[in-house]
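Comments concern the structure below.
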Amino acid sequence: MTLQPTVLPDADAVGDAVAAMILDRLTAADGPSFLLGCPGGRTGQTTYEALGRLAAGGADLSRLVIVMMDEYVVPDADGVLRCVDPDLSYSCLGFARREILGPIDRGCLAAGTEPPSEIWLPDPADPGGYDDRIAAAGGIDLFLLATGASDGHIAFNQPGTPRDSRAHVTELGEATRRDNMGTFPEFTRLDMVPTHGVTVGVDTIAAGSREVIMIVCGAHKRDAYARIAAASAYEPDWPATIAVECKNPTLVADRAAAGH
């Protein structure tokens with residue numbers, strides 16, 4: 001099976017459409033919480049901003065639980081890998097607080113509604129515990145996905161990651177680290193980018209989610225879009241192709257990425 005893409009004019013239109021899909025699924029879902037898997041970085045930002053506008057319009061987003069895909073890790077004084085300080089701009093936890101919950105919080109404040117507050121993050125000391133936590137919650141209701149522009153990484157899953165991989169600590173390849181230099185301008189040299197991360201696995205995404213939306217925006221991701229749109233099964237050298245093996249997958253792109 002290959003994905004049938006939805007191509008929209010620009011990244012803002014993509015954000016509005018994906019946010020509307022999230023609200024639709026959230027409204028229809030039962031239960032006390034709705035697990036939304038989220039990437040850090042630029043791909044999801046227009047979606048998170050659009051969720052803030054929906055919250056300002058009175059949408060009830062209080063049941064959202066933000067399930068982050070990954071986090072940078074660095075060794076502490078004893079050489080044990082720990083998540084980076086959330087106050088750093090490139091921390092995925094810090095990103096979730098500022099760029100995901102931030103717009104929603106402001107929207108909820110304007111509307112006088114209850115904001116969501118939960119953020120989940122994998123623990124480098126017990127990566128497998130993240131899979132267990134997701135499974136215990138019944139899985140991720142909707143997982144937003146993003147692809148590396150130059151190497152197809154998804155979360156921090158590097159080219160060559162096995163299909164059955166679960167949450168794990170991994171060394172980050174140079175292409176992934178260079179992609180992240182574009183996301184965080186303070187990374188002016190490659191040696192400033194952390195070399196390791198803790199991440200959901202490829203199978204965490206495929207087996208642990210009920211629905212996925214792969215978002216691809218920007219001319220710099222035209223090759224990534226073409227690779228994912230053409231895939232019919234998981235290709236280990238381009239991990240983002242796992243989207244085609246997920247339940248209820250959708251590919252949403254802007255015209256710049258699709259080459260239209």
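Scheme for the structure tokens: letters A, B, ... for chains in order shown; per-chain residue numbers from 1; ligand numbers from 1 in order shown.
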
Near Thr47 of chain A, counting only C-alpha atoms, which residues have an atom at most 7 Å away, once you skip same-chain residues fewer than 5 positions from it, shown as a count of residues only? 4

Set the distance at 6 Å and use only C-alpha atoms: which residues neighbour Leu251 of chain A once local chain neighbours fewer than 6 positions away are removed? I'd like the list as number ranges by chain. A: 5, 213-214

Run DSSP on the backbone and grab whatever in segment 47-199 of chain A lands in helix (DSSP H, G or I); send it over as a VMD selection string. chain A and resid 47 to 56 92 to 111 128 to 136 174 to 183 190 to 192

Here is a test: counting only C-alpha atoms, which residue of A:Thr46, A:Thr250, A:Thr6, A:Ser91 is nearest to Met68 of chain A?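 The answer is A:Ser91, which sits nearest to Met68 of chain A.
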
Select from segment 59-81 of chain A every residue with an atom at most 12 Å from any atom of segment 169-175 of chain A, then for each give the shortest pair of atoms and their distance in Å to one decimal, using only C-alpha atoms, rows by chain and rising number, as CSV.
residue,atom,partner,partner_atom,distance
A:Asp70,CA,A:Val169,CA,9.4
A:Glu71,CA,A:Val169,CA,9.5
A:Tyr72,CA,A:Val169,CA,9.5
A:Val73,CA,A:Val169,CA,8.5
A:Val74,CA,A:Glu171,CA,11.0
A:Val80,CA,A:Val169,CA,11.9
A:Leu81,CA,A:Val169,CA,9.1

Using only C-alpha atoms, which residues sit within 12 Å of Ala29 of chain A once same-chain residues fewer than 6 positions away are excluded, as a list in words?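 So the residues in contact are Ile22, Leu23, Leu35, Leu61, Arg63, Leu64, Ile140, Asp141, Leu142 and Arg210 of chain A.
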
Could you give me, as a list in words, the residues within 12 Å of Cys83 of chain A, counting only C-alpha atoms and dropping anything in the same chain fewer than 4 positions from it? Asp70, Glu71, Tyr72, Val73, Val74, Pro75, Asp76, Asp87, Leu88, Tyr90, Ser91, Cys92, Leu93, Gly94, Leu121, Pro122, Asp123, Pro124, Ala125, Asp126, Pro127, Val169, Pro194, His196, Gly197, Val198 and Thr199 of chain A

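What separates atom CA of Thr113 of chain A from atom CA of Gly57 of chain A is a distance of 10.0 Å.
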
Give me, as a PyMOL selection string, all polymer residues having an atom no more than 9 Å from segment 11-13 of chain A, counting only C-alpha atoms and skipping those fewer than 3 positions away in the same chain. chain A and resi 8+16-18+43+46-47+50+216-218+253-256

Write the residues you've just listed into a file as a PDB file, in the first residue's frame, and include N, CA, C and O atoms for each of them.
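Ended up saving to selection_31.pdb:
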ATOM      1  N   LEU A   8      -1.666  20.705   0.362  1.00  0.00           N
ATOM      2  CA  LEU A   8      -2.299  21.981   0.681  1.00  0.00           C
ATOM      3  C   LEU A   8      -1.356  23.129   0.312  1.00  0.00           C
ATOM      4  O   LEU A   8      -0.156  22.907   0.099  1.00  0.00           O
ATOM      5  N   ASP A  16      -3.570  24.154   9.951  1.00  0.00           N
ATOM      6  CA  ASP A  16      -5.006  24.283  10.204  1.00  0.00           C
ATOM      7  C   ASP A  16      -5.716  22.953   9.977  1.00  0.00           C
ATOM      8  O   ASP A  16      -6.583  22.551  10.768  1.00  0.00           O
ATOM      9  N   ALA A  17      -5.354  22.262   8.888  1.00  0.00           N
ATOM     10  CA  ALA A  17      -6.017  21.000   8.567  1.00  0.00           C
ATOM     11  C   ALA A  17      -5.707  19.921   9.599  1.00  0.00           C
ATOM     12  O   ALA A  17      -6.609  19.189  10.036  1.00  0.00           O
ATOM     13  N   VAL A  18      -4.441  19.814   9.994  1.00  0.00           N
ATOM     14  CA  VAL A  18      -4.067  18.778  10.960  1.00  0.00           C
ATOM     15  C   VAL A  18      -4.674  19.079  12.325  1.00  0.00           C
ATOM     16  O   VAL A  18      -5.171  18.172  13.008  1.00  0.00           O
ATOM     17  N   THR A  43       8.414  21.066  12.079  1.00  0.00           N
ATOM     18  CA  THR A  43       7.335  20.450  11.300  1.00  0.00           C
ATOM     19  C   THR A  43       5.963  20.674  11.905  1.00  0.00           C
ATOM     20  O   THR A  43       5.005  20.991  11.201  1.00  0.00           O
ATOM     21  N   THR A  46       3.119  24.844  12.986  1.00  0.00           N
ATOM     22  CA  THR A  46       1.881  25.474  12.533  1.00  0.00           C
ATOM     23  C   THR A  46       0.661  24.730  13.064  1.00  0.00           C
ATOM     24  O   THR A  46      -0.386  25.338  13.302  1.00  0.00           O
ATOM     25  N   THR A  47       0.798  23.424  13.283  1.00  0.00           N
ATOM     26  CA  THR A  47      -0.296  22.659  13.884  1.00  0.00           C
ATOM     27  C   THR A  47      -0.509  23.081  15.328  1.00  0.00           C
ATOM     28  O   THR A  47      -1.657  23.275  15.766  1.00  0.00           O
ATOM     29  N   ALA A  50      -2.164  26.370  15.453  1.00  0.00           N
ATOM     30  CA  ALA A  50      -3.576  26.248  15.081  1.00  0.00           C
ATOM     31  C   ALA A  50      -4.400  25.660  16.223  1.00  0.00           C
ATOM     32  O   ALA A  50      -5.554  26.055  16.429  1.00  0.00           O
ATOM     33  N   VAL A 216       4.750  16.790   6.009  1.00  0.00           N
ATOM     34  CA  VAL A 216       5.964  17.123   5.262  1.00  0.00           C
ATOM     35  C   VAL A 216       5.782  18.510   4.640  1.00  0.00           C
ATOM     36  O   VAL A 216       4.885  18.696   3.809  1.00  0.00           O
ATOM     37  N   CYS A 217       6.598  19.451   5.060  1.00  0.00           N
ATOM     38  CA  CYS A 217       6.472  20.826   4.571  1.00  0.00           C
ATOM     39  C   CYS A 217       7.834  21.390   4.172  1.00  0.00           C
ATOM     40  O   CYS A 217       8.838  21.099   4.808  1.00  0.00           O
ATOM     41  N   GLY A 218       7.827  22.194   3.125  1.00  0.00           N
ATOM     42  CA  GLY A 218       9.031  22.914   2.722  1.00  0.00           C
ATOM     43  C   GLY A 218       9.740  22.281   1.540  1.00  0.00           C
ATOM     44  O   GLY A 218       9.803  21.054   1.426  1.00  0.00           O
ATOM     45  N   ALA A 253       0.981  17.277   3.084  1.00  0.00           N
ATOM     46  CA  ALA A 253       2.156  18.044   2.666  1.00  0.00           C
ATOM     47  C   ALA A 253       1.728  19.388   2.115  1.00  0.00           C
ATOM     48  O   ALA A 253       0.560  19.599   1.740  1.00  0.00           O
ATOM     49  N   ASP A 254       2.668  20.323   2.068  1.00  0.00           N
ATOM     50  CA  ASP A 254       2.405  21.575   1.367  1.00  0.00           C
ATOM     51  C   ASP A 254       2.943  21.474  -0.051  1.00  0.00           C
ATOM     52  O   ASP A 254       3.636  20.520  -0.422  1.00  0.00           O
ATOM     53  N   ARG A 255       2.585  22.466  -0.863  1.00  0.00           N
ATOM     54  CA  ARG A 255       2.962  22.419  -2.278  1.00  0.00           C
ATOM     55  C   ARG A 255       4.483  22.468  -2.456  1.00  0.00           C
ATOM     56  O   ARG A 255       5.021  21.863  -3.397  1.00  0.00           O
ATOM     57  N   ALA A 256       5.160  23.156  -1.562  1.00  0.00           N
ATOM     58  CA  ALA A 256       6.618  23.245  -1.688  1.00  0.00           C
ATOM     59  C   ALA A 256       7.261  21.875  -1.568  1.00  0.00           C
ATOM     60  O   ALA A 256       8.180  21.539  -2.316  1.00  0.00           O
TER      61      ALA A 256
END

Show which residues sit within 8 Å of Glu245 of chain A, as an NGL selection string. Count only C-alpha atoms, and ignore same-chain residues fewer than 4 positions away. :A and (206 or 233-234 or 241 or 249)
